[in-house]
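Listing of input30.cif; format and content: mmCIF, C-alpha atoms and all ligand atoms.
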```
data_protein
loop_
_atom_site.label_atom_id
_atom_site.label_comp_id
_atom_site.auth_asym_id
_atom_site.auth_seq_id
_atom_site.Cartn_x
_atom_site.Cartn_y
_atom_site.Cartn_z
CA MET C 16 -5.23 74.68 167.84
CA LYS C 17 -3.78 71.26 167.08
CA SER C 18 -1.81 71.20 163.86
CA PHE C 19 -4.08 68.54 162.40
CA TRP C 20 -7.04 70.94 162.55
CA VAL C 21 -4.95 73.86 161.35
CA ASP C 22 -3.88 71.88 158.28
CA LEU C 23 -7.41 70.69 157.63
CA LEU C 24 -8.88 74.19 157.83
CA VAL C 25 -6.21 75.67 155.63
CA LYS C 26 -6.67 72.90 153.10
CA ALA C 27 -10.43 73.51 153.09
CA THR C 28 -10.21 77.27 152.56
CA LEU C 29 -7.18 77.42 150.26
CA PRO C 30 -8.77 76.70 146.85
CA LEU C 31 -11.58 79.24 147.32
CA GLY C 32 -9.21 81.76 148.86
CA THR C 33 -6.69 81.42 146.06
CA ARG C 34 -9.34 81.80 143.38
CA TRP C 35 -10.78 84.86 145.11
CA VAL C 36 -7.39 86.54 145.53
CA ARG C 37 -6.48 85.96 141.86
CA LYS C 38 -9.77 87.45 140.73
CA GLN C 39 -9.34 90.55 142.90
CA GLU C 40 -5.77 90.97 141.74
CA ALA C 41 -6.82 90.86 138.09
CA ALA C 42 -9.40 93.61 138.70
CA ILE C 43 -6.90 95.83 140.51
CA LEU C 44 -4.20 95.33 137.85
CA ARG C 45 -6.77 96.36 135.24
CA GLU C 46 -8.18 99.42 136.98
CA GLY C 47 -5.60 100.53 139.54
CA ARG C 48 -2.85 103.11 139.38
CA PRO C 49 0.89 102.42 139.53
CA LEU C 50 2.98 103.50 142.51
CA ARG C 51 4.32 107.05 142.59
CA GLU C 52 8.06 107.52 142.74
CA TRP C 53 8.27 107.85 146.53
CA GLU C 54 5.87 104.98 147.01
CA ARG C 55 8.24 102.78 145.01
CA LEU C 56 10.98 103.67 147.45
CA TRP C 57 8.75 102.66 150.35
CA ALA C 58 8.00 99.42 148.53
CA ARG C 59 11.70 98.69 148.05
CA ASN C 60 12.38 99.48 151.69
CA VAL C 61 9.94 96.82 152.86
CA GLY C 62 11.39 94.28 150.44
CA VAL C 63 9.21 94.46 147.32
CA ARG C 64 11.38 93.34 144.43
CA ARG C 65 9.20 94.55 141.56
CA PRO C 66 7.44 97.76 142.69
CA GLU C 67 6.65 98.59 139.07
CA GLU C 68 4.18 95.68 139.04
CA VAL C 69 2.13 97.02 141.95
CA ARG C 70 -1.24 98.70 141.37
CA ILE C 71 -3.41 100.55 143.86
CA LEU C 72 -7.19 100.74 143.61
CA PRO C 73 -9.09 102.97 146.02
CA VAL C 74 -12.60 101.65 146.65
CA PRO C 75 -15.53 102.81 148.82
CA ARG C 76 -15.35 99.52 150.70
CA VAL C 77 -12.66 96.87 150.55
CA PRO C 78 -14.34 93.68 149.35
CA THR C 79 -14.18 90.53 151.45
CA PRO C 80 -14.22 86.95 150.17
CA GLY C 81 -17.46 85.04 149.52
CA GLN C 82 -19.90 84.61 152.37
CA THR C 83 -18.84 81.11 153.33
CA PHE C 84 -15.20 81.99 153.41
CA THR C 85 -15.83 85.14 155.44
CA VAL C 86 -18.06 83.32 157.90
CA ILE C 87 -15.39 80.68 158.43
CA LEU C 88 -12.73 83.35 158.88
CA ASN C 89 -14.86 85.33 161.31
CA ARG C 90 -15.92 82.36 163.37
CA VAL C 91 -12.64 80.62 163.55
CA PHE C 92 -10.01 83.31 163.43
CA GLY C 93 -11.87 86.40 164.59
CA LEU C 94 -10.54 87.91 161.40
CA LEU C 95 -11.99 90.82 159.44
CA SER C 96 -14.36 91.61 162.29
CA GLU C 97 -14.35 95.33 161.56
CA GLY C 98 -13.86 95.07 157.85
CA PRO C 99 -10.41 95.89 156.53
CA THR C 100 -9.39 99.38 155.36
CA GLY C 101 -6.76 97.90 153.07
CA MET C 102 -5.93 94.58 151.49
CA ALA C 103 -3.03 93.26 149.46
CA VAL C 104 -3.73 90.58 146.86
CA ASN C 105 -0.37 89.73 145.34
CA TYR C 106 0.54 92.82 143.25
CA GLY C 107 -2.86 94.44 143.77
CA ILE C 108 -3.70 96.68 146.71
CA TYR C 109 -7.18 97.82 147.72
CA LEU C 110 -7.35 100.92 149.85
CA GLU C 111 -10.56 102.25 151.33
CA ALA C 112 -11.06 105.62 149.63
CA SER C 113 -11.10 107.50 152.95
CA GLN C 114 -7.66 105.99 153.70
CA ALA C 115 -6.20 106.27 150.22
CA THR C 116 -3.52 108.79 151.27
CA ASN C 117 -2.64 107.12 154.57
CA PRO C 118 1.06 106.22 154.24
CA SER C 119 1.14 103.77 157.12
CA LEU C 120 -1.72 101.77 155.60
CA LEU C 121 0.00 101.67 152.21
CA VAL C 122 3.33 100.59 153.72
CA HIS C 123 1.49 97.89 155.69
CA GLU C 124 -0.03 96.54 152.48
CA LEU C 125 3.26 96.85 150.56
CA THR C 126 4.83 94.63 153.21
CA HIS C 127 2.22 92.00 152.37
CA VAL C 128 3.10 92.37 148.68
CA ALA C 129 6.73 91.65 149.60
CA GLN C 130 5.53 88.56 151.48
CA PHE C 131 3.61 87.33 148.41
CA GLU C 132 6.83 87.70 146.39
CA ARG C 133 8.98 86.04 149.03
CA LEU C 134 6.66 83.04 149.32
CA GLY C 135 6.44 82.72 145.55
CA GLY C 136 2.87 83.63 144.65
CA VAL C 137 -0.75 83.57 145.69
CA GLU C 138 -1.23 79.97 146.74
CA ALA C 139 2.05 79.66 148.64
CA PHE C 140 1.45 82.94 150.43
CA LEU C 141 -2.13 82.08 151.36
CA ARG C 142 -1.19 78.65 152.67
CA GLU C 143 1.38 80.18 155.01
CA TYR C 144 -0.73 83.21 155.96
CA LEU C 145 -3.84 81.19 156.75
CA THR C 146 -1.76 78.70 158.72
CA GLN C 147 -0.31 81.50 160.82
CA CYS C 148 -3.72 83.10 161.38
CA VAL C 149 -5.39 79.86 162.42
CA ARG C 150 -2.50 78.74 164.57
CA ASP C 151 -1.40 82.00 166.19
CA GLY C 152 -4.35 84.35 165.62
CA TYR C 153 -4.54 87.18 163.14
CA TRP C 154 -2.91 89.79 165.41
CA ASP C 155 -0.01 87.57 166.47
CA SER C 156 0.72 86.06 163.05
CA ASP C 157 4.28 86.68 161.84
CA PHE C 158 3.10 88.29 158.61
CA GLU C 159 0.83 90.80 160.39
CA GLN C 160 3.52 91.60 162.93
CA GLU C 161 6.04 92.25 160.16
CA ALA C 162 3.56 94.53 158.35
CA ARG C 163 2.72 96.45 161.55
CA GLU C 164 6.37 96.97 162.40
CA ALA C 165 7.21 98.16 158.89
CA ALA C 166 4.31 100.63 158.95
CA ALA C 167 4.91 101.93 162.49
CA PRO C 168 7.36 104.72 161.52
CA PHE C 169 4.71 106.05 159.09
CA SER C 170 1.82 106.28 161.51
CA ARG C 171 0.80 109.67 162.75
CA PRO C 172 -0.16 110.19 166.36
CA PRO C 173 -3.95 110.12 166.82
CA GLY C 174 -5.42 113.54 166.22
CA GLY C 175 -2.06 114.83 165.01
ZN ZN V 201 -2.10 93.09 157.31
#
```

Let me see whether you can do it: turn the structure in this file into structure tokens.
Amino acid sequence: MKSFWVDLLVKATLPLGTRWVRKQEAAILREGRPLREWERLWARNVGVRRPEEVRILPVPRVPTPGQTFTVILNRVFGLLSEGPTGMAVNYGIYLEASQATNPSLLVHELTHVAQFERLGGVEAFLREYLTQCVRDGYWDSDFEQEAREAAAPFSRPPGG
């Protein structure tokens, strides 16, 4: 996609996306649990600077942004097509309850937390993340690749 359209799309979705992420984060920080000791080590290993700030909230289904936003994401990026099993929103992490003890999913999401920190907050992260997803596709975005690579050592072989 031409960078003009990438910029335009990101600009159009950023305010709603930022507001949504902040709202989800507030809910998770209120209701979630802190990281256990070993989970803090995992967090540090993937670059999280303040693991003590992180909260995890298991939910039956990970929420997705408002309809408009989701429709745009689905149409344009092919994102969230199956519904996510985990989601990092700054220092908040949603995990689908059935996946709540899956270490590779948690490490994947902790890597996104580190990216939020590195970029300097919600809006800066989202601007970069959305740009990557629109430009390169969700799967090939740098941030998703980094998270997949960090989580790879924690994934169990299927059925094992
Ligand atoms: Zn991810």

Checklist entry - When distances are computed from all atoms listed in the file, which of C:Ala115, C:Ala58, C:Val149, C:Leu141 shows the smallest separation from Ala166 in chain C? => result C:Ala58

Checklist entry - Between CA of Pro73 in chain C and CA of Leu125 in chain C, what is the distance, to one decimal in Å? => result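 A separation of 14.5 Å between them.
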
Item to check | Polymer residues at most 12 Å from range 157-162 of chain C, all atoms listed in the file, same-chain spacing of 4 or more positions, as a PyMOL selection string | outcome: chain C and resi 58+61-62+94+102-103+119-131+133-134+140-141+143-153+166-169

Item to check | Separation of CA of Gln114 in chain C from CA of Lys38 in chain C, in Å and rounded to one decimal | outcome: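 Between these atoms lies a distance of 22.7 Å.
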
Next on the checklist: One decimal, in Å: what's the spacing between CA of Thr116 in chain C and CA of Arg59 in chain C?
Outcome noted: 18.5 Å

Checklist entry - Restricting the calculation to only C-alpha atoms, which member of C:Val137, C:Val25, C:Val74, C:Leu50 is positioned closest to Tyr109 in chain C? => result C:Val74

Next on the checklist: Applying 9 Å and only C-alpha atoms, which residues near Arg55 in chain C remain after dropping the ones on its own chain fewer than 6 positions away? List them as a ChimeraX atom specification.
Outcome noted: /C:63,65-67,69

Item to check | C:Arg64, C:Arg51, C:Arg45, C:Arg142 ranked by distance to Thr28 in chain C, top pick (using only C-alpha atoms) | outcome: C:Arg142

Item to check | Distance query Gly107 in chain C at most 7 Å, only C-alpha atoms, self and fewer than 4 positions along chain excluded, as a list in words | outcome: Glu40, Ile43, Leu44, Val69, Arg70, Ile71 and Ala103 of chain C

Checklist outcome for this item: With distances taken over only C-alpha atoms and all ligand atoms, the candidate from C:Pro49, C:Pro118, C:Pro99, C:Gly136 nearest ligand ZN 201 (chain V) is C:Pro99
